[in-house]
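Peer 1: The following file, entry_2.cif, comprises mmCIF, C-alpha atoms and all ligand atoms:
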```cif
data_protein
#
loop_
_atom_site.label_atom_id
_atom_site.label_comp_id
_atom_site.auth_asym_id
_atom_site.auth_seq_id
_atom_site.Cartn_x
_atom_site.Cartn_y
_atom_site.Cartn_z
CA MET A 246 48.46 84.03 63.33
CA GLU A 247 51.81 83.60 61.66
CA LYS A 248 54.46 81.74 63.58
CA ILE A 249 57.14 83.89 65.17
CA TYR A 250 60.41 81.96 65.05
CA ASP A 251 63.12 82.43 67.64
CA VAL A 252 65.65 82.58 64.81
CA VAL A 253 65.34 82.98 61.08
CA ILE A 254 68.57 82.39 59.18
CA LEU A 255 69.02 83.75 55.67
CA GLY A 256 71.22 81.47 53.61
CA ALA A 257 72.14 77.79 53.77
CA GLY A 258 75.89 77.87 53.23
CA PRO A 259 78.34 76.69 55.91
CA ALA A 260 77.60 79.78 58.07
CA GLY A 261 73.81 79.46 57.88
CA LEU A 262 73.74 75.69 58.33
CA THR A 263 76.09 75.85 61.32
CA ALA A 264 73.98 78.63 62.85
CA GLY A 265 70.97 76.33 62.29
CA LEU A 266 72.72 73.41 63.94
CA TYR A 267 73.61 75.45 67.05
CA ALA A 268 70.20 77.14 67.26
CA GLY A 269 68.42 73.81 66.80
CA ARG A 270 70.55 72.14 69.47
CA SER A 271 69.64 75.01 71.80
CA ARG A 272 65.96 74.13 71.24
CA LEU A 273 65.25 77.46 69.55
CA SER A 274 62.51 77.38 66.91
CA THR A 275 64.61 77.92 63.81
CA LEU A 276 63.93 78.46 60.13
CA ILE A 277 66.55 78.61 57.38
CA VAL A 278 65.46 80.42 54.21
CA GLU A 279 67.52 79.68 51.10
CA LYS A 280 66.78 80.98 47.61
CA GLY A 281 68.67 78.31 45.67
CA LYS A 282 70.70 75.22 46.42
CA ASP A 283 72.33 74.67 49.81
CA GLY A 284 76.04 75.32 50.11
CA GLY A 285 76.69 78.69 48.54
CA GLN A 286 80.31 78.92 47.37
CA ILE A 287 81.26 75.42 48.49
CA ALA A 288 78.43 73.86 46.51
CA ILE A 289 80.54 74.69 43.46
CA THR A 290 83.86 73.58 44.94
CA ASP A 291 85.30 70.29 43.83
CA GLU A 292 87.70 69.55 46.63
CA ILE A 293 87.74 70.49 50.31
CA GLU A 294 91.18 69.96 51.76
CA ASN A 295 91.43 72.35 54.67
CA TYR A 296 88.34 71.85 56.78
CA PRO A 297 89.54 70.40 60.10
CA GLY A 298 89.03 66.67 60.32
CA GLN A 299 88.31 66.46 56.59
CA GLU A 300 90.12 63.32 55.58
CA VAL A 301 87.37 61.65 53.59
CA GLU A 302 88.90 60.66 50.26
CA GLY A 303 87.38 62.73 47.44
CA GLU A 304 85.31 64.97 49.75
CA SER A 305 83.64 67.61 47.58
CA GLY A 306 81.74 70.77 48.50
CA PRO A 307 78.36 69.16 47.77
CA SER A 308 79.12 66.05 49.87
CA LEU A 309 80.26 68.11 52.87
CA ILE A 310 77.29 70.42 52.61
CA ALA A 311 74.83 67.51 52.34
CA ARG A 312 76.06 66.27 55.73
CA MET A 313 75.82 69.78 57.22
CA THR A 314 72.22 70.07 55.97
CA ALA A 315 71.26 66.66 57.38
CA GLN A 316 72.89 67.52 60.71
CA ALA A 317 70.98 70.82 61.05
CA GLU A 318 67.70 69.15 60.13
CA LYS A 319 68.33 66.42 62.71
CA PHE A 320 68.01 69.12 65.37
CA GLY A 321 64.61 70.23 64.14
CA VAL A 322 65.56 73.16 61.92
CA GLU A 323 62.78 74.03 59.48
CA ARG A 324 63.46 74.99 55.88
CA ALA A 325 61.90 77.37 53.35
CA GLY A 326 62.91 77.84 49.73
CA ASP A 327 62.20 81.49 49.02
CA VAL A 328 63.75 84.73 47.80
CA ILE A 329 63.54 87.47 50.43
CA LYS A 330 62.69 90.81 48.79
CA GLU A 331 62.39 93.13 51.75
CA VAL A 332 63.31 93.15 55.41
CA GLU A 333 62.09 95.05 58.46
CA LEU A 334 64.69 94.38 61.13
CA VAL A 335 64.11 96.98 63.83
CA GLY A 336 61.96 96.06 66.84
CA ASP A 337 61.19 92.89 68.78
CA VAL A 338 59.58 91.07 65.86
CA LYS A 339 61.56 91.18 62.63
CA LYS A 340 59.80 90.73 59.29
CA LEU A 341 61.27 89.06 56.21
CA ILE A 342 59.11 89.43 53.14
CA GLY A 343 59.67 86.83 50.44
CA ASN A 344 58.07 85.89 47.12
CA LYS A 345 56.17 83.03 48.72
CA GLY A 346 55.46 84.37 52.19
CA THR A 347 56.37 86.58 55.11
CA TYR A 348 58.55 85.18 57.88
CA LEU A 349 58.54 86.58 61.42
CA ALA A 350 61.41 86.21 63.86
CA LYS A 351 62.68 87.47 67.17
CA THR A 352 66.26 87.27 65.87
CA VAL A 353 67.73 87.15 62.38
CA ILE A 354 71.07 85.72 61.28
CA VAL A 355 72.19 87.01 57.88
CA ALA A 356 74.32 84.37 56.16
CA THR A 357 73.77 85.31 52.53
CA GLY A 358 77.39 84.79 51.47
CA ALA A 359 79.00 86.03 48.31
CA PHE A 360 78.88 85.38 44.57
CA PRO A 361 81.54 85.33 41.83
CA ARG A 362 82.88 88.66 40.56
CA PRO A 363 82.34 89.01 36.78
CA ILE A 364 85.48 88.89 34.62
CA GLY A 365 84.75 92.44 33.51
CA CYS A 366 85.48 92.11 29.78
CA GLU A 367 83.50 93.42 26.81
CA ASN A 368 80.59 91.16 25.70
CA GLU A 369 80.84 89.02 28.87
CA GLY A 370 77.08 88.95 29.47
CA LYS A 371 76.38 87.50 26.00
CA PHE A 372 78.53 84.43 26.60
CA VAL A 373 77.75 83.42 30.18
CA GLY A 374 76.54 79.83 29.84
CA LYS A 375 77.77 79.81 26.21
CA GLY A 376 81.45 79.33 26.90
CA ILE A 377 81.89 81.49 30.00
CA SER A 378 81.33 79.86 33.38
CA PHE A 379 81.95 80.55 37.06
CA CYS A 380 81.55 76.96 38.22
CA ALA A 381 84.02 74.25 37.23
CA THR A 382 82.14 71.52 39.10
CA CYS A 383 78.97 72.39 37.17
CA ASP A 384 80.40 72.89 33.69
CA ALA A 385 83.75 71.07 33.39
CA SER A 386 82.23 68.09 31.59
CA PHE A 387 81.05 70.32 28.71
CA PHE A 388 84.69 70.96 27.90
CA GLU A 389 85.89 67.35 27.74
CA ASP A 390 88.93 67.44 25.39
CA PHE A 391 88.56 71.14 24.59
CA GLU A 392 90.86 74.02 25.52
CA VAL A 393 89.96 75.98 28.62
CA TYR A 394 91.18 79.29 30.06
CA VAL A 395 90.84 80.27 33.71
CA VAL A 396 91.03 83.90 34.83
CA GLY A 397 92.44 84.59 38.31
CA GLY A 398 95.39 83.81 40.56
CA GLY A 399 93.86 83.05 43.97
CA ASP A 400 93.04 79.74 45.68
CA ALA A 401 89.82 79.32 43.74
CA ALA A 402 91.32 79.93 40.28
CA VAL A 403 94.24 77.57 40.80
CA GLU A 404 92.26 74.77 42.48
CA GLU A 405 89.48 74.91 39.91
CA ALA A 406 92.00 75.05 37.05
CA MET A 407 93.53 71.83 38.37
CA TYR A 408 90.09 70.24 38.53
CA LEU A 409 89.46 71.32 34.93
CA THR A 410 92.63 69.51 33.79
CA LYS A 411 90.77 66.26 34.47
CA PHE A 412 88.42 67.14 31.59
CA ALA A 413 90.00 69.68 29.25
CA ARG A 414 92.82 68.97 26.79
CA LYS A 415 94.74 71.97 28.04
CA VAL A 416 94.08 74.56 30.74
CA THR A 417 95.70 78.00 30.78
CA ILE A 418 95.53 80.30 33.77
CA ILE A 419 95.34 83.98 32.80
CA HIS A 420 96.56 86.12 35.68
CA ARG A 421 96.94 89.89 35.80
CA ARG A 422 100.27 89.71 37.66
CA ASP A 423 103.38 87.54 37.36
CA GLU A 424 102.86 85.76 40.67
CA LEU A 425 99.96 83.77 42.07
CA ARG A 426 98.04 84.78 45.20
CA ALA A 427 97.03 81.15 45.91
CA ALA A 428 98.43 79.31 48.95
CA LYS A 429 101.92 77.90 48.36
CA SER A 430 100.76 74.27 48.76
CA ILE A 431 98.17 74.82 46.01
CA GLN A 432 100.75 76.53 43.78
CA GLU A 433 103.18 73.60 44.13
CA LYS A 434 100.56 71.16 42.84
CA ALA A 435 99.65 73.52 39.99
CA PHE A 436 103.23 74.01 38.78
CA ALA A 437 103.68 70.22 38.77
CA ASN A 438 100.57 69.66 36.63
CA PRO A 439 101.65 69.05 33.00
CA LYS A 440 98.25 70.03 31.55
CA LEU A 441 98.33 73.46 33.18
CA SER A 442 100.08 76.50 31.71
CA PHE A 443 100.17 80.17 32.64
CA MET A 444 99.69 83.45 30.82
CA TRP A 445 101.20 86.03 33.17
CA ASP A 446 100.55 89.79 33.32
CA THR A 447 97.46 89.32 31.22
CA VAL A 448 93.82 90.41 31.33
CA VAL A 449 90.88 89.48 29.09
CA GLU A 450 89.59 92.55 27.26
CA LYS A 451 86.88 91.19 24.99
CA VAL A 452 85.15 87.92 24.16
CA ASP A 453 83.39 87.07 20.90
CA GLY A 454 81.68 84.42 18.83
CA ASP A 455 78.41 83.75 17.01
CA GLU A 456 76.26 81.74 19.37
CA ILE A 457 79.10 80.37 21.49
CA LEU A 458 82.46 81.65 22.61
CA THR A 459 85.06 81.24 19.86
CA SER A 460 87.56 84.06 20.39
CA MET A 461 88.90 86.57 22.87
CA VAL A 462 91.32 89.46 22.98
CA VAL A 463 93.82 89.48 25.85
CA ARG A 464 96.14 92.35 26.81
CA ASN A 465 99.56 92.20 28.40
CA THR A 466 99.40 94.57 31.36
CA LYS A 467 103.13 95.38 31.15
CA THR A 468 103.63 95.88 27.41
CA GLY A 469 100.06 96.78 26.42
CA GLU A 470 100.30 94.24 23.58
CA LYS A 471 96.97 92.73 22.54
CA THR A 472 96.61 89.14 21.32
CA LEU A 473 93.67 87.47 19.62
CA ILE A 474 93.03 83.95 20.89
CA GLU A 475 90.80 81.82 18.67
CA ALA A 476 89.28 78.40 19.18
CA ASP A 477 91.04 75.57 17.44
CA GLU A 478 89.26 75.09 14.08
CA GLU A 479 88.35 71.48 14.84
CA ASP A 480 87.01 72.40 18.28
CA GLY A 481 84.95 75.44 17.22
CA LEU A 482 84.80 76.68 20.83
CA PHE A 483 86.74 77.03 24.05
CA GLY A 484 85.87 77.54 27.69
CA LEU A 485 86.56 80.60 29.83
CA PHE A 486 86.16 80.30 33.60
CA GLY A 487 86.26 83.29 35.92
CA PHE A 488 87.56 82.98 39.51
CA ILE A 489 88.56 86.51 40.43
CA GLY A 490 87.11 86.80 43.87
CA LEU A 491 83.72 87.35 45.33
CA LEU A 492 81.15 90.08 45.77
CA PRO A 493 79.00 90.17 48.91
CA ASN A 494 75.30 89.33 48.71
CA THR A 495 74.11 92.27 50.77
CA LYS A 496 71.96 94.48 48.52
CA LEU A 497 68.88 93.69 50.60
CA PHE A 498 70.50 95.28 53.66
CA GLU A 499 71.79 98.50 52.08
CA GLY A 500 70.85 101.50 54.22
CA ILE A 501 69.71 99.12 57.01
CA LEU A 502 72.86 97.40 58.26
CA ASP A 503 76.20 99.17 58.63
CA MET A 504 78.58 98.14 55.85
CA GLU A 505 82.09 98.70 54.52
CA ASN A 506 82.55 98.29 50.74
CA GLY A 507 79.34 96.28 50.64
CA TYR A 508 80.38 93.89 53.45
CA ILE A 509 78.36 93.89 56.69
CA LYS A 510 80.17 95.24 59.74
CA THR A 511 79.92 93.22 62.95
CA ASP A 512 81.74 93.00 66.24
CA GLU A 513 83.59 89.79 67.09
CA ASN A 514 80.32 88.29 68.34
CA MET A 515 78.61 88.79 64.96
CA HIS A 516 76.38 91.62 66.24
CA THR A 517 75.32 94.09 63.56
CA ASN A 518 74.16 97.62 64.37
CA ILE A 519 70.61 96.32 65.01
CA PRO A 520 69.88 94.42 68.25
CA GLY A 521 68.87 90.82 67.56
CA VAL A 522 70.36 90.86 64.06
CA TYR A 523 73.62 89.00 63.42
CA ALA A 524 75.77 88.44 60.34
CA ALA A 525 77.85 85.30 59.71
CA GLY A 526 80.05 84.19 56.83
CA ASP A 527 81.61 85.59 53.68
CA MET A 528 79.51 88.77 53.39
CA ARG A 529 80.81 90.04 56.74
CA VAL A 530 83.87 92.29 57.08
CA LYS A 531 86.61 89.81 58.05
CA SER A 532 90.15 88.77 57.19
CA LEU A 533 89.75 85.10 56.26
CA ARG A 534 86.91 83.67 54.20
CA GLN A 535 86.95 79.89 54.55
CA VAL A 536 84.45 77.14 55.36
CA VAL A 537 85.91 76.91 58.85
CA THR A 538 85.55 80.65 59.55
CA ALA A 539 82.02 80.71 58.10
CA ALA A 540 81.05 77.78 60.33
CA ALA A 541 82.62 79.49 63.36
CA ASP A 542 80.71 82.72 62.61
CA GLY A 543 77.47 80.74 62.38
CA ALA A 544 78.03 79.04 65.73
CA ILE A 545 78.83 82.33 67.46
CA ALA A 546 75.84 84.11 65.91
CA ALA A 547 73.44 81.37 67.02
CA MET A 548 74.74 81.42 70.60
CA GLN A 549 74.47 85.21 70.68
CA ALA A 550 70.89 84.94 69.44
CA GLU A 551 70.20 82.52 72.28
CA HIS A 552 71.59 85.01 74.87
CA TYR A 553 69.52 87.82 73.34
CA LEU A 554 66.34 85.69 73.51
CA ALA A 555 67.05 84.71 77.11
CA ASN A 556 67.30 88.40 78.01
CA LEU A 557 64.02 89.19 76.23
CA GLY A 558 62.42 86.97 78.87
P1 LIG A 601 90.83 85.96 45.93
O1 LIG A 601 91.66 85.23 46.91
O2 LIG A 601 90.30 87.30 46.26
O3 LIG A 601 91.68 86.06 44.59
C1 LIG A 601 91.19 86.73 43.49
C2 LIG A 601 92.18 86.62 42.36
O4 LIG A 601 91.60 87.23 41.22
C3 LIG A 601 93.50 87.32 42.66
O5 LIG A 601 94.56 86.57 42.17
C4 LIG A 601 93.34 88.65 41.95
O6 LIG A 601 94.53 89.15 41.43
C5 LIG A 601 92.44 88.30 40.78
N1 LIG A 601 91.59 89.42 40.41
C6 LIG A 601 90.80 90.18 41.21
N2 LIG A 601 90.14 91.10 40.51
C7 LIG A 601 90.52 90.92 39.23
C8 LIG A 601 90.18 91.58 38.02
N3 LIG A 601 89.30 92.57 37.99
N4 LIG A 601 90.74 91.11 36.89
C9 LIG A 601 91.63 90.10 36.91
N5 LIG A 601 92.00 89.44 38.02
C10 LIG A 601 91.43 89.86 39.17
O7 LIG A 601 89.54 85.14 45.48
P2 LIG A 601 89.24 83.57 45.38
O8 LIG A 601 90.38 82.81 44.86
O9 LIG A 601 87.91 83.48 44.69
O10 LIG A 601 89.01 83.19 46.88
C11 LIG A 601 87.99 83.86 47.63
C12 LIG A 601 88.14 83.45 49.08
O11 LIG A 601 87.86 82.06 49.23
C13 LIG A 601 89.57 83.66 49.57
O12 LIG A 601 89.52 84.07 50.90
C14 LIG A 601 90.19 82.30 49.45
O13 LIG A 601 91.25 82.08 50.36
C15 LIG A 601 88.99 81.39 49.74
N6 LIG A 601 89.18 80.09 49.08
C16 LIG A 601 89.94 79.19 49.75
C17 LIG A 601 90.18 77.96 49.19
C18 LIG A 601 91.03 77.01 49.97
O14 LIG A 601 91.51 77.37 51.02
N7 LIG A 601 91.25 75.80 49.50
C19 LIG A 601 89.68 77.64 47.92
C20 LIG A 601 88.93 78.59 47.25
C21 LIG A 601 88.70 79.83 47.84
P3 LIG A 601 95.69 89.73 42.37
O15 LIG A 601 96.35 88.52 42.97
O16 LIG A 601 96.54 90.49 41.43
O17 LIG A 601 95.00 90.60 43.39
#
```
For the structure just supplied, provide its representation as structure tokens.

Peer 2:
Amino acid sequence: MEKIYDVVILGAGPAGLTAGLYAGRSRLSTLIVEKGKDGGQIAITDEIENYPGQEVEGESGPSLIARMTAQAEKFGVERAGDVIKEVELVGDVKKLIGNKGTYLAKTVIVATGAFPRPIGCENEGKFVGKGISFCATCDASFFEDFEVYVVGGGDAAVEEAMYLTKFARKVTIIHRRDELRAAKSIQEKAFANPKLSFMWDTVVEKVDGDEILTSMVVRNTKTGEKTLIEADEEDGLFGLFGFIGLLPNTKLFEGILDMENGYIKTDENMHTNIPGVYAAGDMRVKSLRQVVTAAADGAIAAMQAEHYLANLG
């Protein structure tokens, strides 16, 4: 007979790994299912500055997440690498059907996170991985000494643009307004960076090239004026990074869990509309999406799962 876990957690980002840590410490039989690499959004973040107690010089997303993974596993959390295709969440035993197997659980914590929003320009799909990227940590080194453009004006765009200045010859932030959304402390560093410039009130309309990205058309949102930007002849290419927010990873739960604009609705204790099913992290309706809030969600969800299991008897 298949094992019925006390808790199955979907996703190994900060929310899922913290839920695992708390569930494991509570001696609940716990499985974390992750479809890719651990870490979610922070696996592609170069610098973590605002996680409490984070004073390790050069701490990156991957280094922080590696410690979170090790800590959860220390408390006996099991792991599965699988893509869940279908879920049956109602009832005392919940069923998660993946490509490699079916996982049974008395409680489920959804911690599937979010993924980057596409830039939304013409031809985008043709050039992803051929000049367009959504991960500076992964792809910055390809653009050593080239020109790079970054779309967005939030924390992610500005921080990743600064990281890209360590590699690229010049980095230009393209933002649809004339003022950044990023935190003031991040803005101050960006404005002081001599390799970083700004193209205000601008959106990317179209990208082009043969095999790789060599040109794009941008439009001024105030004047409507369009400008063709071409790769320097000697370079033959440029980079375009998109950091314009996130989209929730919740398709699997459509029509099953209550949602608002694709984000899962919970109460302050991470309860969804189904008893024994909790949601933690970026794909939940909430006001602040940070590592610290994801971790807090995970801890709360795991403790609520423990209470629920205790009441099941
Ligand atoms: P965000 O804060 O939602 O910012 C998205 C940016 O993209 C905004 O500047 C927005 O412009 C722009 N944008 C949105 N849709 C666009 C479109 N269709 N075309 C052009 N521009 C568009 O997203 P984020 O920077 O990815 O951050 C996501 C979350 O992670 C946030 O909660 C953020 O605080 C957090 N985060 C925190 C840190 C940190 O604390 N160090 C680092 C990274 C991320 P407008 O400003 O005009 O709306």

Peer 1: Give the residues close to ligand LIG 601 (chain A), within 8 Å, counting all atoms listed in the file; write them as a PyMOL selection string.

Peer 2: chain A and resi 290+292-295+361-365+396-404+420-422+424-428+431+448-449+488-491+532-535

Peer 1: Can you work out which one of A:Val536, A:Val322, A:Val338, A:Ile377 has the shortest atom-to-atom distance to Leu309 in chain A, counting all atoms listed in the file?

Peer 2: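 Among the listed residues, A:Val536 lies closest to Leu309 in chain A.
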
Peer 1: Measuring atom to atom with only C-alpha atoms, identify which of A:Gln549, A:Ser442, A:Asn344, A:Ser378 is nearest to Asn514 in chain A.

Peer 2: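 When distances to Asn514 in chain A are compared using only C-alpha atoms, the smallest one comes from A:Gln549.
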
Peer 1: Excluding Ala260 in chain A and its own-chain neighbours fewer than 2 positions away, which residues fall within 9 Å of it when counting only C-alpha atoms? Please give them as a list in words.

Peer 2: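 Result of the neighbour search: Gly256, Ala257, Gly258, Leu262, Thr263, Ala264, Gly265, Ala356, Thr357, Gly358, Ala525, Gly526, Asp527, Val536, Val537, Thr538, Ala539, Ala540, Ala541, Asp542, Gly543 and Ala544 of chain A.
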
Peer 1: Give me, please, the distance in Å between CA of Arg529 in chain A and CA of Arg312 in chain A, quoted to one decimal.

Peer 2: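 These two atoms are separated by 24.3 Å.
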
Peer 1: With all atoms of range 253-265 of chain A from the file as input, state the centre and edge lengths in Å to one decimal of the axis-aligned box that has 5 Å extra on each side, as AutoDock Vina command-line options.

Peer 2:
```
--center_x 71.8 --center_y 79.7 --center_z 58.0 --size_x 23.0 --size_y 18.1 --size_z 19.6
```

Peer 1: Produce a table with one row for each residue of range 304-402 of chain A that has an atom at most 8 Å from any atom of range 275-282 of chain A, each row naming the nearest atom pair and its distance in Å at one decimal; use only C-alpha atoms; arrange rows by chain and rising residue number; format as a Markdown table.

Peer 2:
```
| residue | atom | partner | partner_atom | distance |
| --- | --- | --- | --- | --- |
| A:Gly321 | CA | A:Thr275 | CA | 7.7 |
| A:Val322 | CA | A:Thr275 | CA | 5.2 |
| A:Glu323 | CA | A:Leu276 | CA | 4.6 |
| A:Arg324 | CA | A:Ile277 | CA | 5.0 |
| A:Ala325 | CA | A:Val278 | CA | 4.8 |
| A:Gly326 | CA | A:Glu279 | CA | 5.1 |
| A:Asp327 | CA | A:Lys280 | CA | 4.8 |
| A:Val328 | CA | A:Lys280 | CA | 4.8 |
| A:Ile329 | CA | A:Lys280 | CA | 7.8 |
```

Peer 1: Write a file of the just-selected residues containing C-alpha atoms, as a short mmCIF file (atom, residue, chain, number, x, y, z; two decimals), keeping the file's coordinate frame.

Peer 2:
```
data_model
loop_
_atom_site.label_atom_id
_atom_site.label_comp_id
_atom_site.auth_asym_id
_atom_site.auth_seq_id
_atom_site.Cartn_x
_atom_site.Cartn_y
_atom_site.Cartn_z
CA GLY A 321 64.61 70.23 64.14
CA VAL A 322 65.56 73.16 61.92
CA GLU A 323 62.78 74.03 59.48
CA ARG A 324 63.46 74.99 55.88
CA ALA A 325 61.90 77.37 53.35
CA GLY A 326 62.91 77.84 49.73
CA ASP A 327 62.20 81.49 49.02
CA VAL A 328 63.75 84.73 47.80
CA ILE A 329 63.54 87.47 50.43
#
```

Peer 1: State, in Å with one decimal place, the distance from CA of Asn494 in chain A to CA of Asp512 in chain A.

Peer 2: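 Those two atoms sit 19.0 Å apart.
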
Peer 1: What lies within 10 Å of Leu409 in chain A using only C-alpha atoms, ignoring chain neighbours under 5 positions off, as a list in words?

Peer 2: Asp291, Ala381, Thr382, Asp384, Ala385, Ser386, Phe388, Glu389, Glu392, Val393, Tyr394, Val395, Val403, Glu404, Arg414, Lys415, Val416, Lys440, Leu441 and Phe486 of chain A

Peer 1: Rounded to one decimal, what separation in Å do you get between CA of Ile254 in chain A and CA of Gly346 in chain A?

Peer 2: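 Here the two named atoms are 15.0 Å from each other.
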
Peer 1: Could you check which of A:Glu331, A:Asp337, A:Asp283, A:Asp480 is closest to Pro520 in chain A, using all atoms listed in the file?

Peer 2: A:Asp337

Peer 1: With distances taken over only C-alpha atoms, which of A:Phe387, A:Tyr250, A:Phe360, A:Phe379 is nearest to Ala413 in chain A?

Peer 2: A:Phe387

Peer 1: So, with all atoms listed in the file as the atoms that count, which of A:Tyr553, A:Phe483, A:Phe498, A:Tyr408 lies closest to Phe372 in chain A?

Peer 2: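 Counting all atoms listed in the file, the residue closest to Phe372 in chain A is A:Phe483.
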
Peer 1: Find the residues around Ala547 in chain A up to 9 Å (all atoms listed in the file counted), leave out those fewer than 6 positions away in its own chain, and share them as a PyMOL selection string.

Peer 2: chain A and resi 252+263-268+271+354+523

Peer 1: Counting all atoms listed in the file, what is within 10 Å of Gly481 in chain A, bar same-chain residues fewer than 3 positions away, as JSON, numbers by chain?

Peer 2: {"A": [391, 454, 457, 458, 459, 460, 475, 476, 477, 478]}

Peer 1: From the options A:Ile287, A:Tyr348, A:Leu554, A:Ala359, which residue's atoms come nearest to Thr495 in chain A, counting all atoms listed in the file?

Peer 2: A:Ala359
